[in-house]
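Structure file upload_26.txt (compact mmCIF, C-alpha atoms and all ligand atoms) is printed below.
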```txt
# COMPACT_ATOMS: atom_id res chain seq x y z
CA MET A 17 22.85 33.78 34.36
CA ASP A 18 19.49 32.14 34.95
CA GLU A 19 19.20 29.20 32.56
CA ARG A 20 15.63 30.19 31.72
CA THR A 21 16.25 33.78 30.64
CA LEU A 22 17.57 35.19 27.41
CA VAL A 23 19.64 38.36 27.80
CA ASP A 24 21.32 40.13 24.91
CA GLY A 25 24.87 41.47 24.74
CA HIS A 26 23.63 44.87 26.00
CA GLY A 27 21.89 43.52 29.10
CA ARG A 28 18.36 43.64 27.70
CA ARG A 29 16.07 40.74 28.49
CA ILE A 30 14.37 39.20 25.48
CA THR A 31 10.72 38.39 26.20
CA TYR A 32 9.01 38.97 22.85
CA VAL A 33 9.45 37.20 19.54
CA ARG A 34 7.92 37.89 16.15
CA ILE A 35 7.74 34.83 13.94
CA SER A 36 7.29 35.29 10.22
CA VAL A 37 5.42 32.33 8.78
CA THR A 38 5.57 33.26 5.08
CA ASP A 39 7.00 35.81 2.66
CA ARG A 40 3.94 35.54 0.42
CA CYS A 41 1.23 38.18 0.28
CA ASN A 42 -2.03 38.99 -1.49
CA LEU A 43 -1.30 42.75 -1.47
CA ARG A 44 1.66 44.66 -2.85
CA CYS A 45 1.97 47.65 -0.51
CA VAL A 46 4.27 50.16 -2.19
CA TYR A 47 6.47 50.53 0.89
CA CYS A 48 6.84 46.79 1.40
CA MET A 49 7.22 44.84 -1.85
CA PRO A 50 7.41 45.43 -5.60
CA GLU A 51 4.65 44.25 -7.92
CA ASP A 52 6.93 41.50 -9.27
CA GLN A 53 8.21 40.32 -5.87
CA LYS A 54 9.91 36.89 -6.09
CA PHE A 55 9.03 34.49 -3.30
CA ARG A 56 11.16 31.78 -1.72
CA PRO A 57 10.47 28.19 -2.79
CA LEU A 58 8.02 26.66 -0.27
CA PRO A 59 10.50 24.04 1.01
CA HIS A 60 12.70 26.92 2.21
CA LEU A 61 10.01 28.11 4.63
CA LEU A 62 9.68 26.88 8.20
CA THR A 63 7.17 24.04 8.52
CA ARG A 64 4.49 24.12 11.21
CA GLU A 65 6.57 21.67 13.27
CA GLU A 66 9.72 23.80 12.89
CA ILE A 67 7.81 26.92 13.95
CA SER A 68 6.47 25.10 16.96
CA ARG A 69 9.90 23.77 17.95
CA THR A 70 11.52 27.20 17.61
CA ALA A 71 8.73 28.78 19.66
CA ARG A 72 9.02 26.12 22.36
CA LEU A 73 12.77 26.70 22.68
CA LEU A 74 12.26 30.47 22.92
CA ALA A 75 9.50 30.03 25.52
CA SER A 76 11.86 27.84 27.57
CA LEU A 77 14.21 30.85 27.69
CA GLY A 78 11.57 33.20 29.08
CA VAL A 79 9.96 34.56 25.92
CA THR A 80 6.40 35.29 27.05
CA LYS A 81 4.82 36.98 24.06
CA VAL A 82 4.70 35.93 20.42
CA ARG A 83 3.48 37.64 17.26
CA ILE A 84 2.79 35.82 13.99
CA THR A 85 3.62 37.94 10.99
CA GLY A 86 4.88 37.73 7.41
CA GLY A 87 4.34 38.37 4.47
CA GLU A 88 0.68 37.74 4.98
CA PRO A 89 0.17 34.96 7.56
CA THR A 90 -3.43 34.29 6.49
CA THR A 91 -2.17 32.99 3.13
CA ARG A 92 -0.76 30.00 5.03
CA PRO A 93 -3.24 27.09 5.06
CA ASP A 94 -2.00 25.79 8.44
CA LEU A 95 -2.23 29.13 10.28
CA VAL A 96 -4.92 27.96 12.72
CA GLY A 97 -2.80 24.92 13.58
CA ILE A 98 0.24 27.13 14.16
CA VAL A 99 -1.76 29.28 16.59
CA SER A 100 -3.01 26.27 18.50
CA ASP A 101 0.56 24.93 18.78
CA LEU A 102 1.61 28.27 20.27
CA ARG A 103 -1.31 28.16 22.69
CA ASP A 104 -0.23 24.68 23.82
CA ILE A 105 3.34 25.91 24.39
CA GLY A 106 2.00 28.78 26.53
CA PHE A 107 2.71 32.47 26.00
CA PRO A 108 1.25 34.36 28.97
CA GLY A 109 1.90 37.72 27.27
CA GLY A 110 -0.40 36.71 24.44
CA ILE A 111 -0.43 35.37 20.89
CA ALA A 112 -0.77 38.21 18.40
CA LEU A 113 -1.29 38.25 14.64
CA SER A 114 -0.28 40.95 12.15
CA THR A 115 -2.47 40.76 9.08
CA ASN A 116 -3.66 42.87 6.19
CA GLY A 117 -7.15 41.58 6.99
CA VAL A 118 -8.18 40.53 3.47
CA LEU A 119 -8.61 36.82 4.33
CA PHE A 120 -9.01 37.31 8.07
CA PRO A 121 -12.86 37.09 8.20
CA ARG A 122 -12.73 33.56 6.74
CA MET A 123 -10.73 32.27 9.69
CA ALA A 124 -11.30 34.78 12.52
CA HIS A 125 -13.54 32.51 14.61
CA GLU A 126 -11.17 29.54 14.23
CA LEU A 127 -8.15 31.67 15.12
CA LEU A 128 -9.90 32.92 18.25
CA ALA A 129 -10.87 29.38 19.26
CA ALA A 130 -7.27 28.24 18.63
CA GLY A 131 -5.93 30.78 21.11
CA LEU A 132 -5.20 34.00 19.22
CA THR A 133 -5.48 36.92 21.66
CA LYS A 134 -4.51 40.08 19.73
CA VAL A 135 -4.98 41.30 16.18
CA ASN A 136 -3.10 44.06 14.37
CA LEU A 137 -4.51 45.02 10.99
CA SER A 138 -2.72 47.17 8.45
CA LEU A 139 -4.74 50.02 7.01
CA ASP A 140 -2.98 52.99 5.46
CA SER A 141 -6.05 54.88 4.33
CA ALA A 142 -9.64 55.49 5.37
CA GLU A 143 -10.96 55.44 1.80
CA ALA A 144 -10.85 53.10 -1.19
CA GLU A 145 -8.87 55.10 -3.76
CA HIS A 146 -5.90 55.77 -1.47
CA PHE A 147 -6.02 52.17 -0.35
CA ARG A 148 -5.66 50.95 -3.94
CA LYS A 149 -2.74 53.31 -4.50
CA MET A 150 -0.93 52.08 -1.39
CA ALA A 151 -1.75 48.35 -1.59
CA ARG A 152 -1.92 48.08 -5.43
CA ARG A 153 -5.06 45.96 -4.93
CA ASP A 154 -8.79 46.76 -4.54
CA HIS A 155 -9.40 45.11 -1.17
CA PHE A 156 -10.51 48.07 0.90
CA GLU A 157 -14.02 46.81 1.76
CA PRO A 158 -12.89 43.35 2.95
CA VAL A 159 -10.34 45.01 5.25
CA LEU A 160 -13.02 47.26 6.78
CA LYS A 161 -15.14 44.14 7.36
CA ALA A 162 -12.16 42.44 8.97
CA ILE A 163 -11.73 45.35 11.38
CA ASP A 164 -15.39 45.29 12.42
CA LEU A 165 -15.34 41.52 12.85
CA ALA A 166 -12.14 41.65 14.92
CA LEU A 167 -13.77 44.28 17.15
CA ALA A 168 -16.93 42.21 17.52
CA LEU A 169 -15.02 39.13 18.70
CA PRO A 170 -13.52 38.90 22.21
CA PHE A 171 -9.87 39.55 21.29
CA ASP A 172 -7.83 41.32 23.99
CA SER A 173 -6.90 44.09 21.59
CA VAL A 174 -7.46 45.20 18.01
CA LYS A 175 -5.00 47.67 16.54
CA ILE A 176 -4.60 49.36 13.18
CA ASN A 177 -1.15 50.11 11.79
CA ALA A 178 -0.74 52.84 9.18
CA VAL A 179 2.54 53.68 7.48
CA VAL A 180 2.60 57.41 6.66
CA ILE A 181 4.24 58.53 3.39
CA ARG A 182 4.31 62.13 2.30
CA GLY A 183 2.29 62.86 -0.83
CA MET A 184 0.87 59.34 -0.76
CA ASN A 185 -1.37 59.09 2.31
CA ASP A 186 -0.37 61.87 4.71
CA ASP A 187 -3.78 63.43 4.01
CA GLN A 188 -5.24 60.28 5.61
CA ILE A 189 -3.82 61.02 9.07
CA LEU A 190 -6.97 62.79 10.24
CA PRO A 191 -9.50 60.38 8.65
CA LEU A 192 -7.61 57.41 10.15
CA ALA A 193 -7.43 59.10 13.56
CA ALA A 194 -11.17 59.83 13.36
CA MET A 195 -11.83 56.07 13.15
CA THR A 196 -10.98 55.87 16.86
CA PHE A 197 -13.90 58.14 17.75
CA ALA A 198 -16.64 55.53 17.50
CA LYS A 199 -14.58 52.33 17.49
CA ASP A 200 -12.58 50.89 20.39
CA LEU A 201 -9.50 50.72 18.19
CA SER A 202 -5.91 51.72 18.64
CA VAL A 203 -4.65 53.43 15.46
CA ARG A 204 -0.86 53.61 15.34
CA PHE A 205 1.05 55.69 12.82
CA ILE A 206 4.32 54.07 11.72
CA GLU A 207 7.31 55.98 10.40
CA PHE A 208 8.18 54.85 6.87
CA MET A 209 11.37 52.77 6.88
CA PRO A 210 13.82 52.12 4.03
CA PHE A 211 14.18 48.48 2.98
CA GLY A 212 15.35 46.51 0.00
CA ASN A 213 14.20 48.44 -3.03
CA ASN A 214 11.24 50.39 -1.61
CA ASP A 215 12.63 53.68 -2.94
CA TRP A 216 12.60 55.46 0.41
CA LYS A 217 13.60 59.11 0.24
CA ASP A 218 14.04 61.71 2.96
CA ALA A 219 11.36 63.77 1.25
CA ASP A 220 8.77 60.97 1.70
CA PHE A 221 9.41 60.69 5.40
CA VAL A 222 6.88 62.04 7.90
CA SER A 223 8.22 61.99 11.45
CA TRP A 224 5.98 61.01 14.35
CA GLU A 225 6.31 64.59 15.64
CA GLU A 226 4.92 65.94 12.39
CA THR A 227 2.01 63.48 12.51
CA ARG A 228 1.32 64.45 16.12
CA ASP A 229 1.53 68.16 15.27
CA ARG A 230 -0.97 67.76 12.46
CA LEU A 231 -3.37 66.14 14.90
CA LEU A 232 -2.82 68.89 17.48
CA ALA A 233 -3.37 71.54 14.81
CA ALA A 234 -6.72 69.91 14.01
CA GLY A 235 -7.82 70.27 17.63
CA TYR A 236 -6.80 66.85 18.92
CA GLU A 237 -5.77 66.53 22.57
CA LEU A 238 -3.52 63.54 23.24
CA THR A 239 -2.99 62.29 26.79
CA PRO A 240 -0.26 59.66 27.24
CA ILE A 241 -1.33 56.28 28.55
CA THR A 242 1.32 54.72 30.79
CA ARG A 243 3.71 52.95 28.49
CA THR A 244 4.08 49.20 28.97
CA PHE A 245 7.26 48.11 27.29
CA VAL A 246 6.11 44.56 26.83
CA ALA A 247 3.39 45.94 24.54
CA GLY A 248 5.93 47.17 22.02
CA PRO A 249 7.43 50.41 20.84
CA ALA A 250 4.29 52.55 20.43
CA ASP A 251 3.51 55.45 22.67
CA GLU A 252 -0.24 55.34 23.20
CA TYR A 253 -2.54 58.26 23.87
CA THR A 254 -6.17 58.69 24.81
CA VAL A 255 -7.84 61.14 22.48
CA ARG A 256 -10.20 64.09 22.61
CA SER A 257 -10.96 65.90 19.39
CA PRO A 258 -13.56 68.32 18.09
CA LEU A 259 -15.72 65.19 17.65
CA GLY A 260 -15.59 64.62 21.43
CA GLU A 261 -14.01 61.93 23.63
CA HIS A 262 -12.73 59.02 21.47
CA ARG A 263 -13.47 55.39 22.45
CA GLY A 264 -10.18 54.24 20.95
CA SER A 265 -6.60 55.49 21.23
CA LEU A 266 -3.76 56.73 19.02
CA GLY A 267 -0.12 55.68 18.97
CA PHE A 268 3.16 56.33 17.17
CA ILE A 269 5.69 53.69 16.13
CA THR A 270 8.97 55.48 15.66
CA PRO A 271 11.71 53.23 14.25
CA ILE A 272 13.48 56.10 12.50
CA SER A 273 13.32 58.59 15.35
CA ASP A 274 14.89 55.78 17.40
CA ARG A 275 13.02 56.24 20.62
CA PHE A 276 12.84 52.67 21.77
CA CYS A 277 16.08 50.75 21.20
CA ASP A 278 17.20 51.14 24.83
CA THR A 279 14.31 49.05 26.02
CA CYS A 280 14.14 46.64 23.09
CA ASN A 281 12.94 43.24 24.30
CA ARG A 282 12.38 41.52 20.97
CA MET A 283 13.87 39.20 18.41
CA ARG A 284 12.51 37.98 15.08
CA VAL A 285 12.41 34.63 13.35
CA THR A 286 12.37 34.97 9.56
CA GLN A 287 10.20 32.66 7.48
CA ASP A 288 13.33 30.81 6.36
CA GLY A 289 14.41 30.17 9.92
CA PHE A 290 16.97 32.84 10.79
CA LEU A 291 16.91 34.37 14.26
CA LYS A 292 17.34 38.09 13.89
CA GLY A 293 18.25 40.48 16.69
CA CYS A 294 17.44 43.78 15.04
CA LEU A 295 15.13 44.69 12.18
CA PHE A 296 17.99 46.56 10.55
CA GLY A 297 20.70 44.20 11.74
CA HIS A 298 22.86 41.82 9.76
CA ARG A 299 23.90 39.34 12.44
CA ASP A 300 21.24 36.73 11.78
CA VAL A 301 21.77 33.21 13.06
CA ASP A 302 20.52 30.28 10.98
CA LEU A 303 18.38 27.87 13.02
CA LEU A 304 16.68 26.05 10.16
CA SER A 305 19.73 24.40 8.56
CA PRO A 306 20.98 22.96 11.87
CA MET A 307 17.41 21.86 12.69
CA ARG A 308 17.16 20.02 9.37
CA GLN A 309 20.60 18.51 9.93
CA GLY A 310 19.43 16.97 13.21
CA ALA A 311 20.61 19.50 15.83
CA THR A 312 19.55 18.73 19.39
CA ASP A 313 17.53 21.18 21.50
CA GLU A 314 20.70 21.98 23.47
CA GLU A 315 22.57 22.85 20.28
CA LEU A 316 19.71 25.03 19.07
CA LEU A 317 19.46 26.78 22.45
CA SER A 318 23.12 27.71 22.26
CA LEU A 319 22.52 29.19 18.77
CA VAL A 320 19.60 31.19 20.18
CA ARG A 321 21.84 32.52 22.95
CA ARG A 322 24.48 33.43 20.39
CA ALA A 323 21.93 35.37 18.31
CA ALA A 324 20.93 37.31 21.43
CA GLU A 325 24.57 37.94 22.32
CA VAL A 326 25.28 39.63 18.96
CA LYS A 327 22.00 41.61 18.80
CA GLU A 328 22.74 45.17 17.71
CA GLU A 329 22.47 47.92 20.30
CA ARG A 330 20.28 50.20 18.18
CA HIS A 331 18.93 50.90 14.72
CA PRO A 332 21.78 52.12 12.55
CA MET A 333 19.70 54.73 10.79
CA PHE A 334 18.86 58.34 11.19
CA VAL A 335 16.88 60.80 9.19
CA GLY A 336 19.09 63.13 7.19
CA MET A 337 21.50 60.35 6.35
CA GLU A 338 21.60 59.71 2.64
CA LYS A 339 19.98 56.45 1.74
CA ARG A 340 23.06 55.22 -0.09
CA LEU A 341 24.95 55.51 3.20
CA LEU A 342 22.45 53.51 5.21
CA PRO A 343 23.46 49.95 6.04
CA LEU A 344 20.31 48.60 4.44
CA HIS A 345 19.12 45.07 4.61
CA ALA A 346 18.73 43.55 1.16
CA ARG A 347 15.50 41.95 2.38
CA ASN A 348 12.34 43.99 2.44
CA MET A 349 9.90 43.96 5.36
CA SER A 350 7.85 41.04 4.06
CA GLU A 351 11.02 38.94 3.79
CA ILE A 352 12.20 39.79 7.29
CA GLY A 353 8.81 39.56 8.96
CA GLY A 354 7.40 42.93 9.93
N1 LIG A 401 0.97 41.51 6.00
C1 LIG A 401 0.79 41.86 7.35
C2 LIG A 401 0.45 43.34 7.49
O1 LIG A 401 0.58 44.06 6.51
O2 LIG A 401 0.09 43.74 8.59
C3 LIG A 401 1.98 41.53 8.24
C4 LIG A 401 3.34 41.78 7.68
S1 LIG A 401 3.73 43.48 7.39
C5 LIG A 401 5.36 43.33 6.71
C6 LIG A 401 3.92 44.08 9.05
C7 LIG A 401 3.92 45.56 9.22
O3 LIG A 401 5.07 46.09 8.60
C8 LIG A 401 2.73 46.28 8.62
O4 LIG A 401 2.10 47.07 9.61
C9 LIG A 401 3.35 47.14 7.55
O5 LIG A 401 2.63 48.33 7.40
C10 LIG A 401 4.73 47.36 8.10
N2 LIG A 401 5.72 47.76 7.09
C11 LIG A 401 6.08 47.11 5.96
N3 LIG A 401 7.02 47.80 5.27
C12 LIG A 401 7.25 48.92 5.99
C13 LIG A 401 8.10 50.05 5.81
N4 LIG A 401 8.90 50.15 4.76
N5 LIG A 401 8.10 51.01 6.75
C14 LIG A 401 7.28 50.93 7.83
N6 LIG A 401 6.46 49.88 8.08
C15 LIG A 401 6.44 48.89 7.16
FE1 LIG A 402 1.73 42.40 2.29
FE2 LIG A 402 1.79 43.36 4.77
FE3 LIG A 402 3.80 43.86 3.03
FE4 LIG A 402 1.44 44.99 2.63
S1 LIG A 402 2.78 45.32 4.40
S2 LIG A 402 2.69 43.95 1.06
S3 LIG A 402 0.05 43.45 3.35
S4 LIG A 402 3.26 41.90 3.85
```
Once more with this new file: its structure as structure tokens, please.
Amino acid sequence: MDERTLVDGHGRRITYVRISVTDRCNLRCVYCMPEDQKFRPLPHLLTREEISRTARLLASLGVTKVRITGGEPTTRPDLVGIVSDLRDIGFPGGIALSTNGVLFPRMAHELLAAGLTKVNLSLDSAEAEHFRKMARRDHFEPVLKAIDLALALPFDSVKINAVVIRGMNDDQILPLAAMTFAKDLSVRFIEFMPFGNNDWKDADFVSWEETRDRLLAAGYELTPITRTFVAGPADEYTVRSPLGEHRGSLGFITPISDRFCDTCNRMRVTQDGFLKGCLFGHRDVDLLSPMRQGATDEELLSLVRRAAEVKEERHPMFVGMEKRLLPLHARNMSEIGG
């Protein structure tokens, strides 16, 4: 095997890593964390230097694209520094940020100057009241401002992610899709996933097919854009609707319908330094403890290879399975790094 590539136990090449830089957040999205979420003590989180070292080791094994996520990454005071470290390491596939957008406008220019290339913002509703219900906070207006600012700055892409939950925001599918008419945005609908104690039920679940069918029933025409696997597991479509030709696009992220495991190219680093093969997997490999105990780069690289070797083949979850039978991770999405 080429020394500079990372291949998992199922022959898939790993080229994309998502690094969670914090478990903290200034929202409390109902699907992600409870109101009284307990956070890890700060010394348990990766430091900027540890993030940079981990990223450098992964880049040396052929990881070309990195995403910074959390929790909410913008709550970390050294976020701009982390981005500039990643730029110095070199990720030709881009440096992306997942954010809820609330604090983004305060640092958007600095993040751009530091080397951030792509921004994904979470927005589950196109109006304030639904937003408050989903996020348990009144920050709708700042998030809209963040979206407009991100679009006004020369980022390579600006995407919106919306988790769809029946009875909660499924009536927002059309208003969210309509945002792509005038704005050069990609809006992606995410299937609701069960985690920790987010009280997921079959009845809440809206499949990507149902979301698509609701759009089609409203007169939307969706034309697939060639799928680039390095871009992640969202099928993207250009859009025509009764409004006319849309400037932006629509996409579906389908973790439950399991349409992308075969081509999975990603691993995750949790904010407490575990390398994780699969979002729903349990075979995490601790990098932080060895790092703090003085492990050499060679020792860490062999741990990274081991984590890839044991990466699960596919998500162990299917709709129709009772939740109590699902092999759930005790961590919720903010603790894994979404
Ligand atoms: N705080 C940032 C944000 O909200 O974009 C980054 C972290 S968040 C955990 C990353 C993504 O995970 C968001 O798009 C969020 O909607 C998604 N997410 C969290 N919990 C989820 C769940 N139970 N099912 C589906 N997506 C989820
Ligand atoms: Fe925070 Fe993002 Fe989780 Fe919402 S989805 S609670 S914004 S980490």
Contacts of Val180 in chain A within 8 Å, all atoms listed in the file, excl. fewer than 4 positions in-chain, as a JSON list (two decimals) with C-alpha atoms, in the coordinates of the input:
```json
[["chain", "number", "residue", "atom", "x", "y", "z"],
["A", 140, "ASP", "CA", -2.98, 52.99, 5.46],
["A", 184, "MET", "CA", 0.87, 59.34, -0.76],
["A", 185, "ASN", "CA", -1.37, 59.09, 2.31],
["A", 186, "ASP", "CA", -0.37, 61.87, 4.71],
["A", 189, "ILE", "CA", -3.82, 61.02, 9.07],
["A", 205, "PHE", "CA", 1.05, 55.69, 12.82],
["A", 206, "ILE", "CA", 4.32, 54.07, 11.72],
["A", 207, "GLU", "CA", 7.31, 55.98, 10.40],
["A", 208, "PHE", "CA", 8.18, 54.85, 6.87],
["A", 221, "PHE", "CA", 9.41, 60.69, 5.40],
["A", 222, "VAL", "CA", 6.88, 62.04, 7.90]]
```
(request) Check which residues fall inside 9 Å of ligand LIG 401 (chain A) when counting only C-alpha atoms and all ligand atoms, and print them as a PyMOL selection string. (result) chain A and resi 36+39-43+45-49+84-90+113-117+136-140+176-180+206-212+214+216+269+271+348-354
(request) Tell me, as a PyMOL selection string, which residues lie within 6 Å of range 298-312 of chain A, counting only C-alpha atoms; anything in the same chain fewer than 5 positions away does not count. (result) chain A and resi 289-292+323
(request) Select, from A:Thr31, A:Lys81, A:Leu119, A:Thr63, the residue with the minimum atom-to-atom distance to ligand LIG 402 (chain A), counting only C-alpha atoms and all ligand atoms. (result)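 Closest to ligand LIG 402 (chain A), using only C-alpha atoms and all ligand atoms: A:Leu119.
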(message) Under the rule that only C-alpha atoms and all ligand atoms are counted, which of A:Cys294, A:Met150, A:Leu238, A:Ile105 is the nearest residue to ligand LIG 402 (chain A)?
(response) A:Met150
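Take CA of Arg230 in chain A and CA of Leu259 in chain A: the distance between them is 15.8 Å.
For the atom pair formed by CA of Tyr32 in chain A and CA of Leu167 in chain A, the distance is 24.1 Å, given to one decimal.
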(message) Quick one: residues within 8 Å of Pro121 in chain A, all atoms listed in the file, excluding same-chain residues fewer than 6 positions away - as an NGL selection string?
(response) :A and (161-162 or 165)
Taking C-alpha atoms for each residue, export the selection above as an mmCIF file, keeping the file's coordinate frame.
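Generated file (result.cif):
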```
data_model
loop_
_atom_site.group_PDB
_atom_site.id
_atom_site.type_symbol
_atom_site.label_atom_id
_atom_site.label_comp_id
_atom_site.auth_asym_id
_atom_site.auth_seq_id
_atom_site.Cartn_x
_atom_site.Cartn_y
_atom_site.Cartn_z
ATOM 1 C CA LYS A 161 -15.140 44.140 7.360
ATOM 2 C CA ALA A 162 -12.160 42.440 8.970
ATOM 3 C CA LEU A 165 -15.340 41.520 12.850
#
```
(request) Could you check which of A:Asp220, A:Phe156, A:Val285, A:Asp104 is closest to Val320 in chain A, using all atoms listed in the file? (result) A:Val285
Could you pull range 177-189 of chain A out of the block above and save it with N, CA and C atoms, as a JSON list (two decimals), in the first residue's frame?
```
[["chain", "number", "residue", "atom", "x", "y", "z"],
["A", 177, "ASN", "N", -28.22, 23.62, 5.54],
["A", 177, "ASN", "CA", -28.66, 22.27, 5.92],
["A", 177, "ASN", "C", -29.91, 22.37, 6.77],
["A", 178, "ALA", "N", -30.93, 21.60, 6.42],
["A", 178, "ALA", "CA", -32.18, 21.61, 7.18],
["A", 178, "ALA", "C", -32.57, 20.18, 7.53],
["A", 179, "VAL", "N", -32.68, 19.90, 8.82],
["A", 179, "VAL", "CA", -33.16, 18.59, 9.26],
["A", 179, "VAL", "C", -34.70, 18.65, 9.22],
["A", 180, "VAL", "N", -35.31, 17.64, 8.61],
["A", 180, "VAL", "CA", -36.78, 17.66, 8.46],
["A", 180, "VAL", "C", -37.40, 16.69, 9.48],
["A", 181, "ILE", "N", -38.31, 17.22, 10.31],
["A", 181, "ILE", "CA", -39.00, 16.40, 11.31],
["A", 181, "ILE", "C", -40.51, 16.59, 11.16],
["A", 182, "ARG", "N", -41.19, 15.47, 11.03],
["A", 182, "ARG", "CA", -42.64, 15.54, 10.80],
["A", 182, "ARG", "C", -43.34, 16.26, 11.97],
["A", 183, "GLY", "N", -44.27, 17.13, 11.61],
["A", 183, "GLY", "CA", -45.06, 17.83, 12.62],
["A", 183, "GLY", "C", -44.30, 18.97, 13.27],
["A", 184, "MET", "N", -43.02, 19.08, 12.98],
["A", 184, "MET", "CA", -42.20, 20.12, 13.60],
["A", 184, "MET", "C", -41.87, 21.18, 12.54],
["A", 185, "ASN", "N", -41.27, 20.75, 11.43],
["A", 185, "ASN", "CA", -40.91, 21.74, 10.39],
["A", 185, "ASN", "C", -41.11, 21.20, 8.98],
["A", 186, "ASP", "N", -41.89, 20.09, 8.84],
["A", 186, "ASP", "CA", -42.05, 19.59, 7.46],
["A", 186, "ASP", "C", -42.88, 20.55, 6.61],
["A", 187, "ASP", "N", -43.60, 21.47, 7.25],
["A", 187, "ASP", "CA", -44.29, 22.50, 6.46],
["A", 187, "ASP", "C", -43.33, 23.60, 5.99],
["A", 188, "GLN", "N", -42.06, 23.46, 6.36],
["A", 188, "GLN", "CA", -41.05, 24.45, 5.93],
["A", 188, "GLN", "C", -40.28, 23.97, 4.69],
["A", 189, "ILE", "N", -40.60, 22.79, 4.19],
["A", 189, "ILE", "CA", -39.85, 22.26, 3.04],
["A", 189, "ILE", "C", -39.97, 23.24, 1.86]]
```
